[in-house]
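Below: the structure, in structure tokens.
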Amino acid sequence: MLKRIAVSAVILCLPVFFAHSQAAQDFTGRVFDAQSKRGVENLEIRLRPPTASNLPTLMGYTNQNGEFRFSAVSSSRYLLEVSQGPYPLYRHEVDLSQTHNLEIPIERR
């Protein structure tokens, strides 16, 4: 009897566990030169949530390989912006419930 109650409790909690695990996940990516395929370092990466949400704007930078990582990001739509100082290089809407990694080629001028 006690075993059935424990199994039932685990089964009832599974949807809550899976909903929570999908709610916040890591989002990674790489920004690279479209011609040379080399990663571009020290670019500013911003994830802007919809204006109607109460989620914060997240900011980070690419490493020496052009890689970036945001940890425990809410699964939502964001505007992803890549810039070098005041110069925008890339803007695109991403749905983090669908995408967890993004490769971003940029044209260097």
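If you're wondering about the labels, chains in the structure tokens are A, B, ... by order shown, residues count from 1 in each chain, ligands from 1 in order shown.
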
Task: Shell around stretch 103-105 of chain A at 10 Å using only C-alpha atoms, local window under 3 positions removed, as a PyMOL selection string - done: chain A and resi 28-40+66-67+82+89-90+92+108

Task: stretch 55-60 of chain A environment, 9 Å, only C-alpha atoms, sequence neighbours closer than 2 positions dropped, as an MDAnalysis selection string - done: chainID A and resid 43:53 62 68:70 73:74 78

Task: Nearest to A:Ser76, chosen from A:Gln64, A:Ser97, A:Glu107, A:Arg91, with only C-alpha atoms counted in the distances - done: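 So, comparing all the options, the nearest one is A:Ser97.
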
- [ ] Check the smallest atom-to-atom distance from each of A:Gln25, A:Asn54, A:Ile106, A:Gln98 to A:Gln84 using only C-alpha atoms, then report the winner.
- [x]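 Under the stated criterion, the closest residue is A:Ile106.
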